[in-house]
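Chemist: As input, take run_18.cif (mmCIF, C-alpha atoms):
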```cif
data_structure
loop_
_atom_site.group_PDB
_atom_site.id
_atom_site.type_symbol
_atom_site.label_atom_id
_atom_site.label_comp_id
_atom_site.auth_asym_id
_atom_site.auth_seq_id
_atom_site.Cartn_x
_atom_site.Cartn_y
_atom_site.Cartn_z
ATOM 1 C CA MET A 1 56.933 20.503 -31.158
ATOM 2 C CA ALA A 2 53.600 20.019 -32.787
ATOM 3 C CA THR A 3 50.547 19.581 -30.569
ATOM 4 C CA GLY A 4 47.396 17.655 -31.465
ATOM 5 C CA THR A 5 44.770 15.220 -30.359
ATOM 6 C CA LEU A 6 45.683 11.596 -30.411
ATOM 7 C CA LEU A 7 43.008 8.926 -30.244
ATOM 8 C CA LEU A 8 44.103 5.958 -28.182
ATOM 9 C CA TYR A 9 42.014 2.844 -28.586
ATOM 10 C CA SER A 10 42.273 -0.184 -26.334
ATOM 11 C CA PRO A 11 40.007 -3.047 -27.437
ATOM 12 C CA ARG A 12 40.886 -5.310 -24.471
ATOM 13 C CA VAL A 13 38.391 -3.708 -22.068
ATOM 14 C CA ALA A 14 35.194 -4.391 -23.989
ATOM 15 C CA ARG A 15 33.819 -7.482 -22.266
ATOM 16 C CA ARG A 16 30.726 -7.688 -24.427
ATOM 17 C CA PRO A 17 30.862 -5.418 -27.413
ATOM 18 C CA ASP A 18 27.253 -6.234 -28.261
ATOM 19 C CA SER A 19 26.016 -5.349 -24.800
ATOM 20 C CA PRO A 20 24.012 -2.134 -24.438
ATOM 21 C CA ALA A 21 25.828 -1.679 -21.138
ATOM 22 C CA THR A 22 29.076 -1.059 -22.905
ATOM 23 C CA ILE A 23 29.830 2.457 -21.923
ATOM 24 C CA THR A 24 32.343 4.639 -23.582
ATOM 25 C CA ILE A 25 34.379 6.697 -21.233
ATOM 26 C CA VAL A 26 36.388 9.433 -22.804
ATOM 27 C CA GLN A 27 39.373 10.435 -20.793
ATOM 28 C CA ARG A 28 41.565 13.379 -21.461
ATOM 29 C CA ALA A 29 45.123 13.157 -20.357
ATOM 30 C CA GLU A 30 47.895 15.583 -20.737
ATOM 31 C CA ILE A 31 50.897 14.088 -22.387
ATOM 32 C CA HIS A 32 54.162 15.725 -23.186
ATOM 33 C CA GLN A 33 54.012 19.494 -23.073
ATOM 34 C CA GLY A 34 50.529 20.772 -23.732
ATOM 35 C CA ALA A 35 49.532 17.868 -25.893
ATOM 36 C CA SER A 36 46.047 16.580 -25.275
ATOM 37 C CA ALA A 37 45.184 12.927 -25.748
ATOM 38 C CA VAL A 38 41.776 11.319 -25.810
ATOM 39 C CA SER A 39 41.442 7.670 -24.943
ATOM 40 C CA SER A 40 38.287 5.734 -25.507
ATOM 41 C CA ASP A 41 37.599 2.867 -23.129
ATOM 42 C CA ALA A 42 34.522 0.637 -23.197
ATOM 43 C CA VAL A 43 33.576 -0.398 -19.667
ATOM 44 C CA THR A 44 30.852 -2.875 -18.754
ATOM 45 C CA SER A 45 29.562 -3.633 -15.260
ATOM 46 C CA GLY A 46 30.020 -7.338 -14.580
ATOM 47 C CA ASP A 47 26.855 -7.301 -12.466
ATOM 48 C CA TYR A 48 24.921 -5.923 -15.416
ATOM 49 C CA VAL A 49 26.117 -8.804 -17.569
ATOM 50 C CA ILE A 50 25.104 -11.291 -14.838
ATOM 51 C CA THR A 51 21.665 -9.670 -14.593
ATOM 52 C CA LEU A 52 21.167 -9.911 -18.371
ATOM 53 C CA GLY A 53 22.274 -13.551 -18.225
ATOM 54 C CA ARG A 54 19.653 -14.283 -15.581
ATOM 55 C CA ILE A 55 16.948 -12.715 -17.732
ATOM 56 C CA ALA A 56 18.151 -14.729 -20.738
ATOM 57 C CA GLU A 57 17.876 -17.910 -18.635
ATOM 58 C CA LEU A 58 14.255 -17.131 -17.819
ATOM 59 C CA LYS A 59 13.535 -16.342 -21.454
ATOM 60 C CA SER A 60 14.679 -19.841 -22.402
ATOM 61 C CA GLU A 61 12.434 -21.667 -19.897
ATOM 62 C CA VAL A 62 10.568 -24.571 -21.484
ATOM 63 C CA ASP A 63 7.123 -23.783 -20.102
ATOM 64 C CA GLU A 64 5.638 -20.620 -21.599
ATOM 65 C CA GLU A 65 4.135 -19.634 -18.232
ATOM 66 C CA ASP A 66 7.658 -19.524 -16.765
ATOM 67 C CA ARG A 67 8.984 -17.259 -19.524
ATOM 68 C CA PRO A 68 8.604 -13.470 -19.498
ATOM 69 C CA SER A 69 6.406 -12.097 -22.285
ATOM 70 C CA ASP A 70 8.058 -10.251 -25.172
ATOM 71 C CA HIS A 71 6.500 -7.049 -23.850
ATOM 72 C CA ALA A 72 8.013 -7.469 -20.371
ATOM 73 C CA HIS A 73 11.343 -8.633 -21.784
ATOM 74 C CA GLY A 74 11.638 -5.661 -24.145
ATOM 75 C CA CYS A 75 10.674 -3.185 -21.432
ATOM 76 C CA ALA A 76 13.218 -4.621 -18.994
ATOM 77 C CA LEU A 77 16.117 -4.664 -21.459
ATOM 78 C CA LYS A 78 15.458 -1.063 -22.489
ATOM 79 C CA VAL A 79 15.228 0.243 -18.929
ATOM 80 C CA LEU A 80 18.250 -1.756 -17.768
ATOM 81 C CA ALA A 81 20.371 -0.502 -20.668
ATOM 82 C CA GLU A 82 19.442 3.091 -19.828
ATOM 83 C CA THR A 83 20.196 2.447 -16.169
ATOM 84 C CA ALA A 84 23.568 0.931 -17.013
ATOM 85 C CA ARG A 85 24.427 4.094 -18.912
ATOM 86 C CA GLU A 86 23.535 6.112 -15.810
ATOM 87 C CA LEU A 87 25.373 3.952 -13.297
ATOM 88 C CA SER A 88 28.260 2.609 -15.359
ATOM 89 C CA LEU A 89 30.378 0.288 -13.206
ATOM 90 C CA ASP A 90 28.122 0.902 -10.183
ATOM 91 C CA PHE A 91 25.245 -1.036 -11.770
ATOM 92 C CA PRO A 92 24.372 -3.599 -9.070
ATOM 93 C CA ARG A 93 23.539 -7.272 -9.606
ATOM 94 C CA ALA A 94 19.828 -8.053 -9.631
ATOM 95 C CA SER A 95 17.701 -11.079 -8.972
ATOM 96 C CA VAL A 96 15.027 -11.798 -11.580
ATOM 97 C CA SER A 97 11.802 -13.763 -11.733
ATOM 98 C CA VAL A 98 8.613 -14.039 -13.740
ATOM 99 C CA GLY A 99 5.570 -12.425 -12.168
ATOM 100 C CA PRO A 100 1.825 -12.525 -12.819
ATOM 101 C CA ASN A 101 0.780 -12.388 -16.488
ATOM 102 C CA ARG A 102 4.360 -13.268 -17.463
ATOM 103 C CA GLY A 103 5.689 -9.934 -16.298
ATOM 104 C CA LEU A 104 9.309 -9.533 -15.209
ATOM 105 C CA ARG A 105 10.249 -8.696 -11.645
ATOM 106 C CA ILE A 106 13.810 -7.490 -11.151
ATOM 107 C CA THR A 107 15.011 -7.016 -7.580
ATOM 108 C CA TRP A 108 18.062 -5.316 -6.071
ATOM 109 C CA SER A 109 18.711 -5.716 -2.351
ATOM 110 C CA ARG A 110 21.315 -4.315 -0.017
ATOM 111 C CA GLY A 111 20.987 -4.141 3.762
ATOM 112 C CA HIS A 112 17.576 -2.672 4.557
ATOM 113 C CA GLY A 113 17.144 -1.278 1.068
ATOM 114 C CA GLU A 114 15.394 -2.880 -1.871
ATOM 115 C CA VAL A 115 14.369 -1.790 -5.353
ATOM 116 C CA ARG A 116 11.979 -3.682 -7.615
ATOM 117 C CA LEU A 117 11.522 -2.982 -11.285
ATOM 118 C CA VAL A 118 8.255 -4.547 -12.381
ATOM 119 C CA CYS A 119 7.645 -4.795 -16.123
ATOM 120 C CA GLY A 120 4.050 -5.776 -16.820
ATOM 121 C CA GLY A 121 3.359 -8.778 -19.003
ATOM 122 C CA SER A 122 1.358 -6.647 -21.443
ATOM 123 C CA ALA A 123 0.466 -3.012 -22.018
ATOM 124 C CA ALA A 124 -2.664 -3.666 -19.968
ATOM 125 C CA ASN A 125 -0.567 -4.602 -16.906
ATOM 126 C CA LYS A 126 1.142 -2.024 -14.742
ATOM 127 C CA SER A 127 4.878 -1.400 -14.950
ATOM 128 C CA TYR A 128 6.469 0.447 -12.053
ATOM 129 C CA ILE A 129 9.493 0.935 -9.830
ATOM 130 C CA TYR A 130 9.070 0.229 -6.117
ATOM 131 C CA SER A 131 11.789 1.075 -3.634
ATOM 132 C CA GLU A 132 12.124 0.916 0.118
ATOM 133 C CA SER A 133 14.764 1.831 2.628
ATOM 134 C CA GLY A 134 14.024 1.137 6.266
ATOM 135 C CA SER A 135 10.530 2.465 6.946
ATOM 136 C CA GLN A 136 10.428 4.687 3.826
ATOM 137 C CA HIS A 137 9.177 3.595 0.450
ATOM 138 C CA GLY A 138 8.181 4.981 -2.917
ATOM 139 C CA VAL A 139 6.491 3.943 -6.157
ATOM 140 C CA GLU A 140 7.151 5.404 -9.580
ATOM 141 C CA TYR A 141 4.872 4.720 -12.524
ATOM 142 C CA VAL A 142 7.048 6.387 -15.147
ATOM 143 C CA VAL A 143 9.649 3.714 -15.773
ATOM 144 C CA ASP A 144 12.959 4.688 -17.328
ATOM 145 C CA GLY A 145 16.664 4.369 -16.672
ATOM 146 C CA LYS A 146 17.125 7.771 -15.052
ATOM 147 C CA ARG A 147 14.384 7.114 -12.529
ATOM 148 C CA LEU A 148 15.508 3.566 -11.803
ATOM 149 C CA ALA A 149 19.082 4.791 -11.274
ATOM 150 C CA HIS A 150 17.745 7.409 -8.850
ATOM 151 C CA HIS A 151 15.844 4.760 -6.848
ATOM 152 C CA LEU A 152 18.878 2.467 -6.803
ATOM 153 C CA ARG A 153 21.158 5.247 -5.559
ATOM 154 C CA TRP A 154 18.648 6.128 -2.842
ATOM 155 C CA ALA A 155 17.626 2.684 -1.573
ATOM 156 C CA LEU A 156 20.973 0.908 -1.886
ATOM 157 C CA ARG A 157 23.148 3.696 -0.536
ATOM 158 C CA GLU A 158 25.585 2.689 2.152
ATOM 159 C CA ALA A 159 24.297 3.462 5.637
ATOM 160 C CA MET B 160 -16.870 -17.594 -0.341
ATOM 161 C CA THR B 161 -16.863 -18.357 3.370
ATOM 162 C CA VAL B 162 -13.457 -18.570 5.028
ATOM 163 C CA THR B 163 -12.941 -20.045 8.470
ATOM 164 C CA PRO B 164 -9.987 -18.348 10.188
ATOM 165 C CA LEU B 165 -7.092 -20.517 11.375
ATOM 166 C CA SER B 166 -5.954 -20.231 14.960
ATOM 167 C CA CYS B 167 -3.118 -17.755 15.539
ATOM 168 C CA GLU B 168 -0.740 -20.561 16.591
ATOM 169 C CA GLU B 169 -1.024 -22.353 13.270
ATOM 170 C CA ILE B 170 2.080 -22.432 11.067
ATOM 171 C CA VAL B 171 1.500 -22.280 7.316
ATOM 172 C CA LEU B 172 3.771 -23.192 4.411
ATOM 173 C CA ARG B 173 4.172 -21.129 1.253
ATOM 174 C CA ALA B 174 5.518 -23.176 -1.657
ATOM 175 C CA LEU B 175 8.083 -21.653 -4.012
ATOM 176 C CA LEU B 176 6.550 -22.522 -7.368
ATOM 177 C CA LYS B 177 8.677 -20.334 -9.624
ATOM 178 C CA ARG B 178 12.373 -20.348 -10.253
ATOM 179 C CA ASN B 179 13.923 -17.394 -8.431
ATOM 180 C CA TRP B 180 11.116 -16.755 -5.976
ATOM 181 C CA CYS B 181 14.106 -17.098 -3.706
ATOM 182 C CA HIS B 182 17.184 -14.986 -4.285
ATOM 183 C CA GLU B 183 19.740 -16.668 -6.576
ATOM 184 C CA ASP B 184 22.655 -15.781 -4.282
ATOM 185 C CA THR B 185 21.241 -15.837 -0.722
ATOM 186 C CA LYS B 186 18.350 -18.311 -1.241
ATOM 187 C CA ARG B 187 16.185 -16.007 0.904
ATOM 188 C CA ILE B 188 12.547 -15.839 -0.178
ATOM 189 C CA LYS B 189 11.653 -12.717 -2.186
ATOM 190 C CA ALA B 190 8.571 -10.501 -2.264
ATOM 191 C CA ASP B 191 7.809 -12.118 -5.627
ATOM 192 C CA ALA B 192 6.513 -15.181 -3.754
ATOM 193 C CA PHE B 193 3.821 -13.055 -2.090
ATOM 194 C CA ILE B 194 2.466 -11.219 -5.116
ATOM 195 C CA ARG B 195 -0.986 -12.552 -5.970
ATOM 196 C CA ASP B 196 -1.375 -14.049 -9.405
ATOM 197 C CA PRO B 197 -4.852 -13.403 -10.861
ATOM 198 C CA LYS B 198 -4.771 -16.800 -12.586
ATOM 199 C CA ARG B 199 -3.531 -18.828 -9.639
ATOM 200 C CA ASP B 200 -4.605 -16.936 -6.527
ATOM 201 C CA LEU B 201 -8.098 -15.779 -7.293
ATOM 202 C CA ASP B 202 -9.457 -16.117 -3.752
ATOM 203 C CA GLY B 203 -6.222 -15.507 -1.896
ATOM 204 C CA LEU B 204 -2.611 -16.591 -1.668
ATOM 205 C CA SER B 205 -2.378 -20.388 -1.364
ATOM 206 C CA VAL B 206 -0.651 -21.875 1.675
ATOM 207 C CA ASN B 207 -0.715 -25.241 3.388
ATOM 208 C CA ILE B 208 -1.254 -25.897 7.075
ATOM 209 C CA ARG B 209 2.017 -27.298 8.433
ATOM 210 C CA SER B 210 0.420 -29.632 10.981
ATOM 211 C CA LYS B 211 -1.702 -31.285 8.261
ATOM 212 C CA THR B 212 0.947 -31.457 5.528
ATOM 213 C CA GLU B 213 3.630 -33.951 4.651
ATOM 214 C CA PRO B 214 5.970 -31.391 3.014
ATOM 215 C CA ALA B 215 7.973 -33.656 0.685
ATOM 216 C CA SER B 216 4.943 -35.289 -0.926
ATOM 217 C CA TRP B 217 3.077 -31.958 -1.090
ATOM 218 C CA LEU B 218 5.996 -30.188 -2.802
ATOM 219 C CA SER B 219 6.383 -33.153 -5.156
ATOM 220 C CA SER B 220 2.770 -32.822 -6.250
ATOM 221 C CA PHE B 221 3.518 -29.666 -8.280
ATOM 222 C CA SER B 222 4.947 -29.940 -11.790
ATOM 223 C CA ARG B 223 7.971 -28.047 -10.403
ATOM 224 C CA SER B 224 8.728 -26.597 -6.993
ATOM 225 C CA PHE B 225 11.743 -24.982 -5.406
ATOM 226 C CA GLY B 226 11.066 -25.432 -1.683
ATOM 227 C CA ALA B 227 8.901 -23.649 0.873
ATOM 228 C CA ASP B 228 8.935 -21.139 3.723
ATOM 229 C CA THR B 229 6.994 -21.174 6.973
ATOM 230 C CA LEU B 230 4.906 -18.305 8.343
ATOM 231 C CA HIS B 231 3.145 -17.908 11.672
ATOM 232 C CA THR B 232 -0.566 -17.147 11.277
ATOM 233 C CA GLY B 233 -0.613 -14.670 14.176
ATOM 234 C CA SER B 234 2.337 -12.783 12.705
ATOM 235 C CA ILE B 235 0.565 -12.530 9.336
ATOM 236 C CA ARG B 236 -2.455 -10.958 11.068
ATOM 237 C CA ASP B 237 -0.156 -8.560 12.939
ATOM 238 C CA ILE B 238 1.093 -7.084 9.640
ATOM 239 C CA ASP B 239 -2.203 -5.497 8.685
ATOM 240 C CA ARG B 240 -5.732 -5.817 10.001
ATOM 241 C CA GLU B 241 -7.027 -6.646 6.528
ATOM 242 C CA LEU B 242 -4.775 -9.694 6.248
ATOM 243 C CA ASN B 243 -6.173 -12.995 7.419
ATOM 244 C CA VAL B 244 -5.439 -16.684 7.079
ATOM 245 C CA GLY B 245 -8.254 -19.146 6.773
ATOM 246 C CA GLN B 246 -9.741 -22.119 5.097
ATOM 247 C CA ALA B 247 -12.382 -21.851 2.402
ATOM 248 C CA GLU B 248 -15.481 -23.826 3.307
ATOM 249 C CA GLU B 249 -15.359 -25.798 0.067
ATOM 250 C CA ASP B 250 -11.732 -26.804 0.800
ATOM 251 C CA ALA B 251 -12.357 -28.049 4.313
ATOM 252 C CA GLU B 252 -13.330 -31.567 3.272
ATOM 253 C CA ALA B 253 -11.528 -32.074 -0.039
ATOM 254 C CA TYR B 254 -8.251 -30.358 0.915
ATOM 255 C CA PRO B 255 -8.127 -30.047 4.701
ATOM 256 C CA GLU B 256 -4.467 -29.029 4.580
ATOM 257 C CA HIS B 257 -5.080 -26.087 2.208
ATOM 258 C CA ALA B 258 -5.616 -22.494 3.372
ATOM 259 C CA ILE B 259 -5.399 -18.998 1.911
ATOM 260 C CA ILE B 260 -4.025 -15.645 2.960
ATOM 261 C CA THR B 261 -6.740 -13.094 2.208
ATOM 262 C CA GLY B 262 -6.551 -9.302 2.012
ATOM 263 C CA LEU B 263 -3.620 -9.000 -0.402
ATOM 264 C CA PRO B 264 -4.449 -6.852 -3.446
ATOM 265 C CA PHE B 265 -3.424 -7.743 -6.994
ATOM 266 C CA SER B 266 -0.397 -5.737 -8.081
ATOM 267 C CA ASP B 267 -2.330 -4.351 -11.066
ATOM 268 C CA ASP B 268 -5.019 -2.993 -8.702
ATOM 269 C CA ASP B 269 -2.800 -1.485 -6.007
ATOM 270 C CA PRO B 270 0.926 -1.922 -6.724
ATOM 271 C CA GLU B 271 2.132 0.065 -3.730
ATOM 272 C CA ARG B 272 0.109 -1.868 -1.170
ATOM 273 C CA ALA B 273 0.832 -5.205 -2.868
ATOM 274 C CA GLU B 274 4.591 -4.542 -2.679
ATOM 275 C CA ILE B 275 4.550 -3.218 0.902
ATOM 276 C CA LEU B 276 2.589 -6.212 2.198
ATOM 277 C CA ALA B 277 4.809 -8.609 0.236
ATOM 278 C CA SER B 278 7.852 -7.022 1.917
ATOM 279 C CA ARG B 279 6.321 -7.502 5.362
ATOM 280 C CA LEU B 280 5.523 -11.152 4.602
ATOM 281 C CA VAL B 281 9.152 -11.697 3.568
ATOM 282 C CA GLU B 282 10.251 -10.293 6.928
ATOM 283 C CA ILE B 283 8.256 -12.871 8.901
ATOM 284 C CA SER B 284 9.027 -15.840 6.606
ATOM 285 C CA ARG B 285 11.441 -18.533 7.666
ATOM 286 C CA THR B 286 13.313 -20.759 5.227
ATOM 287 C CA PHE B 287 11.974 -24.301 5.457
ATOM 288 C CA ASP B 288 13.103 -26.161 2.336
ATOM 289 C CA ARG B 289 15.085 -25.305 -0.799
ATOM 290 C CA THR B 290 14.951 -28.566 -2.715
ATOM 291 C CA MET B 291 14.058 -28.403 -6.369
ATOM 292 C CA ARG B 292 11.468 -31.030 -7.265
ATOM 293 C CA LYS B 293 10.184 -31.963 -10.686
ATOM 294 C CA LYS B 294 7.460 -34.387 -11.688
#
```
As structure tokens, what does this structure read like?

Modeler:
Amino acid sequence: MATGTLLLYSPRVARRPDSPATITIVQRAEIHQGASAVSSDAVTSGDYVITLGRIAELKSEVDEEDRPSDHAHGCALKVLAETARELSLDFPRASVSVGPNRGLRITWSRGHGEVRLVCGGSAANKSYIYSESGSQHGVEYVVDGKRLAHHLRWALREA
Amino acid sequence: MTVTPLSCEEIVLRALLKRNWCHEDTKRIKADAFIRDPKRDLDGLSVNIRSKTEPASWLSSFSRSFGADTLHTGSIRDIDRELNVGQAEEDAEAYPEHAIITGLPFSDDDPERAEILASRLVEISRTFDRTMRKK
């Protein structure tokens, strides 16, 4: 019997093909005798989609002061997409609001833990990640998906 | 600016002036409500004295509001010795119900301290009203 690699594609799982949170998971499964199959599944965290929807709602506010700036919006989407790649289906739902200078404040809470991603309204405003868990806290001024994922894993871990 | 401290027993109200200053799911106030805005909160974070305020008409006076929380003045002072609650001298006659929480840094000046103090203020806040009002 001939052996080979078979690509299985299942389009049903891609909830939002345009979403940067769509993550491709490659699974290898042994089928038949010695045959290797690769299946490609696109998986999106529902909470990530909800979080993006909440940001989109703010972006469509009528009053400019209630809308995040393009700078804050772009920063948030980039960092969240990177974080979604890190956390996959474990990406937790966030609460979002517009902060001073039309920055974006994105908050995750669980129990006594909280993480805040703050994207400044302009390059002149500070962007940072703040996290706390019980009496401990930390601030990170280099903002990217890897670091945000690390803070989320730490602060929102189950007790 | 001269600020006259309120008595420790005084209850103050913090208005929720932005959508999602309270959590979308739990409706609990968030730290976002206690981050000073350099445009809005130049002298300090605006609050109203509960005993001198008719909440519904006060919250209706904003172009949009989403409710308010109450905070105990003494508990605010207990958070940090630099925090205080008082009334600016120039407000005393024109806006006798208005007060400010002083001692909070701007998040651009000291993000860590601004976030820590905002967290502590959330802890002592009590939900008072969650009605959306629009002029």

Chemist: For each of B:Lys294, B:Ser284, B:Arg178, B:Ala273, take the minimum atom-to-atom distance to B:Ser216, counting all atoms listed in the file, then give the residue where this is smallest.

Modeler: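 Closest residue, counting all atoms listed in the file: B:Lys294.
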
Chemist: Looking at B:Leu218, B:Ile170, B:Met291, B:Ile275, which one is nearest to A:Val115, with distances taken over only C-alpha atoms?

Modeler: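 Answer, going by the shortest atom-to-atom distance: B:Ile275.
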
Chemist: Output as an MDAnalysis selection string the set of chain B residues within 12 Å of chain A, with distances taken over only C-alpha atoms.

Modeler: chainID B and resid 175:201 222:223 265:279 282

Chemist: Quick one: pull the distance between atom CA of B:Val206 and atom CA of A:His73, Å, one decimal.

Modeler: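 Atom CA of A:His73 lies at a distance of 29.5 Å from atom CA of B:Val206.
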
Chemist: Output, as AutoDock Vina command-line options, the centre and edge lengths in Å (one decimal) of the axis-aligned box that contains all listed atoms of stretch 173-190 of chain B with 8 Å of margin on each side.

Modeler:
```
--center_x 13.4 --center_y -16.8 --center_z -4.5 --size_x 34.5 --size_y 28.7 --size_z 27.5
```

Chemist: Taking into account all atoms listed in the file, which residue in the set A:Ala56, A:Ala84, A:Ala123, A:Val62 is nearest to A:Leu148?

Modeler: A:Ala84

Chemist: Quick one, how far is atom CA of B:Val244 from atom CA of B:Pro214?

Modeler: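 These atoms are spaced 19.1 Å apart.
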
Chemist: Can you work out which one of B:Ile283, B:Ala258, B:Val171, B:Leu204 has the shortest atom-to-atom distance to B:Gln246, counting only C-alpha atoms?

Modeler: B:Ala258

Chemist: With all atoms listed in the file as the counted atoms, please give the residues lying no more than 6 Å from stretch 227-241 of chain B, apart from itself and same-chain residues fewer than 4 positions off, as a ChimeraX atom specification.

Modeler: /B:167,169-175,262,284-288

Chemist: Have a look at atom CA of B:Leu242 and atom CA of B:Thr212 and let me know their distance in Å, one decimal.

Modeler: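 Atom CA of B:Leu242 sits 22.5 Å away from atom CA of B:Thr212.
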
Chemist: Please determine, counting all atoms listed in the file, which residue among A:Val143, A:Leu104, A:Ala155, A:Leu89 has the shortest atom-to-atom distance to A:Pro68.

Modeler: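 Closest to A:Pro68, using all atoms listed in the file: A:Leu104.
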
Chemist: Identify, on the basis of all atoms listed in the file, every residue whose closest approach to A:Tyr48 does not exceed 9 Å; exclude the query and any residue fewer than 3 positions from it along the same chain; express the result as a list in words.

Modeler: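 Once the nearby chain positions are removed, what remains is Ala21, Thr44, Ser45, Thr51, Leu52, Gly53, Leu80, Ala81, Ala84, Leu89, Phe91, Pro92, Arg93 and Ala94 of chain A.
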
Chemist: Using all atoms listed in the file, which residues sit within 9 Å of A:Arg157 once same-chain residues fewer than 5 positions away are excluded, as a PyMOL selection string?

Modeler: chain A and resi 110+113+152

Chemist: Closest to B:Ala251 among B:Gly226, B:Ser219, B:Ile208, B:Ser166, using only C-alpha atoms?

Modeler: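 Closest candidate: B:Ile208.
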
Chemist: Just want the 12 Å neighbourhood of B:Glu248, counted on all atoms listed in the file, with same-chain residues fewer than 3 positions away dropped. Output as a PDB file with C-alpha atoms, in the coordinates of the input.

Modeler:
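Now in selection16.pdb:
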```
ATOM      1  CA  MET B 160     -16.870 -17.594  -0.341  1.00  0.00           C
ATOM      2  CA  THR B 161     -16.863 -18.357   3.370  1.00  0.00           C
ATOM      3  CA  VAL B 162     -13.457 -18.570   5.028  1.00  0.00           C
ATOM      4  CA  THR B 163     -12.941 -20.045   8.470  1.00  0.00           C
ATOM      5  CA  PRO B 164      -9.987 -18.348  10.188  1.00  0.00           C
ATOM      6  CA  GLY B 245      -8.254 -19.146   6.773  1.00  0.00           C
ATOM      7  CA  ALA B 251     -12.357 -28.049   4.313  1.00  0.00           C
ATOM      8  CA  GLU B 252     -13.330 -31.567   3.272  1.00  0.00           C
ATOM      9  CA  ALA B 253     -11.528 -32.074  -0.039  1.00  0.00           C
ATOM     10  CA  TYR B 254      -8.251 -30.358   0.915  1.00  0.00           C
ATOM     11  CA  PRO B 255      -8.127 -30.047   4.701  1.00  0.00           C
ATOM     12  CA  HIS B 257      -5.080 -26.087   2.208  1.00  0.00           C
ATOM     13  CA  ALA B 258      -5.616 -22.494   3.372  1.00  0.00           C
ATOM     14  CA  ILE B 259      -5.399 -18.998   1.911  1.00  0.00           C
TER      15      ILE B 259
END
```
